[in-house]
Amino acid sequence: MGCGAVWAAPPSTNAAPVKPPAPVMATAKPPATNAPSALSPAMQNTLGRYGNIVTPGDQVAYPLRLRLPLPNEAEVHIPKLDDLTKRAKIEALANLSDDDIRKQLAAWPAYGKMSLHDQGMMLQRIQDFRDYHLRVAMQKAHDMGLLTLTPAQQAKFEKQYWDQRLKLDEDLAKQFQPIYQAREQTMNDQLFREFSSAMPAPAPPAPKPPAPKPGHPAPASAQPLAYTGGATTNAAPPMTQAPH
């Protein structure tokens, strides 16, 4: 101490050893996914407030998704007899075999004038219609409880179902088409009366000049205005003068 040196005292051996602090584990955030999030019960109870138009979404930021029906899904449409006649021809064509369909199309003059692309598209449309025919008929049989139909019974059920369905639609069209047309005409008349009265009346046409009497010359038409200096006159345009 006299020489200015500082001697550090040795640590006491009776002191309890100090434990190193436990390492802090960093919790990583889970990656964001597009899986649909679970909606709270309160939000689920409000999904049907405006009808069946809101469904759970597939994004975390947007848990709800709007699903609106098309405008013509709930529209009452009664087919015309011409439409049903075309439908009967298509259904008769769809009931034929593949070979018979090719023979029918080959005998059709318009089919031979089509390009290969259009012919292929027409065959594809016929096949899509046949698949639709079978799918709707089998769904109807399933709804009726006919679950054990053999392939032969399925084909017979499909044909009879669509034949009777076409006859049913034709009868309903004949019965309700006049009523629908009368109600539609009444609606159009009401809309026309309401909105045509609010439209301004068209301006009357300009009166025609009176015809000249026999023996009297027609009145001279007004000359165009000419600007001379600062005054406006009715003088005719100046003619080209010959040089002096």
# chains A, B, ... in the order shown; residues from 1 in each chain; ligands from 1
$ residues_around --residues "segment 146-157 of chain A" --least-positions-apart "4" --cutoff "12 Å" --atoms "only C-alpha atoms" --output "list in words"
Asn95, Leu96, Arg130, His133, Leu134, Arg135, Val136, Ala137, Met138, Gln139, Lys140, Ala141, His142, Tyr161, Trp162, Asp163, Gln164 and Arg165 of chain A
$ residues_around --residues "segment 104-109 of chain A" --least-positions-apart "4" --cutoff "10 Å" --atoms "only C-alpha atoms" --output "list in words"
Leu93, Leu96, Asp98, Asp99, Asp100, Lys113, Met114, Gln119, Met122 and Leu123 of chain A
$ closest_residue --among "A:Ile90, A:Ile78, A:Asp143, A:Leu64" --to "Asp128 of chain A" --atoms "only C-alpha atoms"
A:Ile90
$ closest_residue --among "A:Leu66, A:Ile53, A:Leu84, A:Val60" --to "Leu168 of chain A" --atoms "only C-alpha atoms"
A:Leu84
$ atom_distance --atom1 "atom CA of Tyr180 of chain A" --atom2 "atom CA of Phe192 of chain A"
18.2 Å
$ select_by_dssp --residues "segment 39-207 of chain A" --states "helix (DSSP H, G or I)" --output "PyMOL selection string"
chain A and resi 41-45+81-94+98-106+109-112+116-143+151-198
$ atom_distance --atom1 "atom CA of Asp82 of chain A" --atom2 "atom CA of Lys174 of chain A"
11.5 Å
$ closest_residue --among "A:Lys80, A:Arg125, A:Lys213, A:His117" --to "Asp171 of chain A" --atoms "only C-alpha atoms"
A:Lys80
$ closest_residue --among "A:Asp58, A:Glu91, A:Asp83, A:Glu194" --to "Glu158 of chain A" --atoms "only C-alpha atoms"
A:Glu91
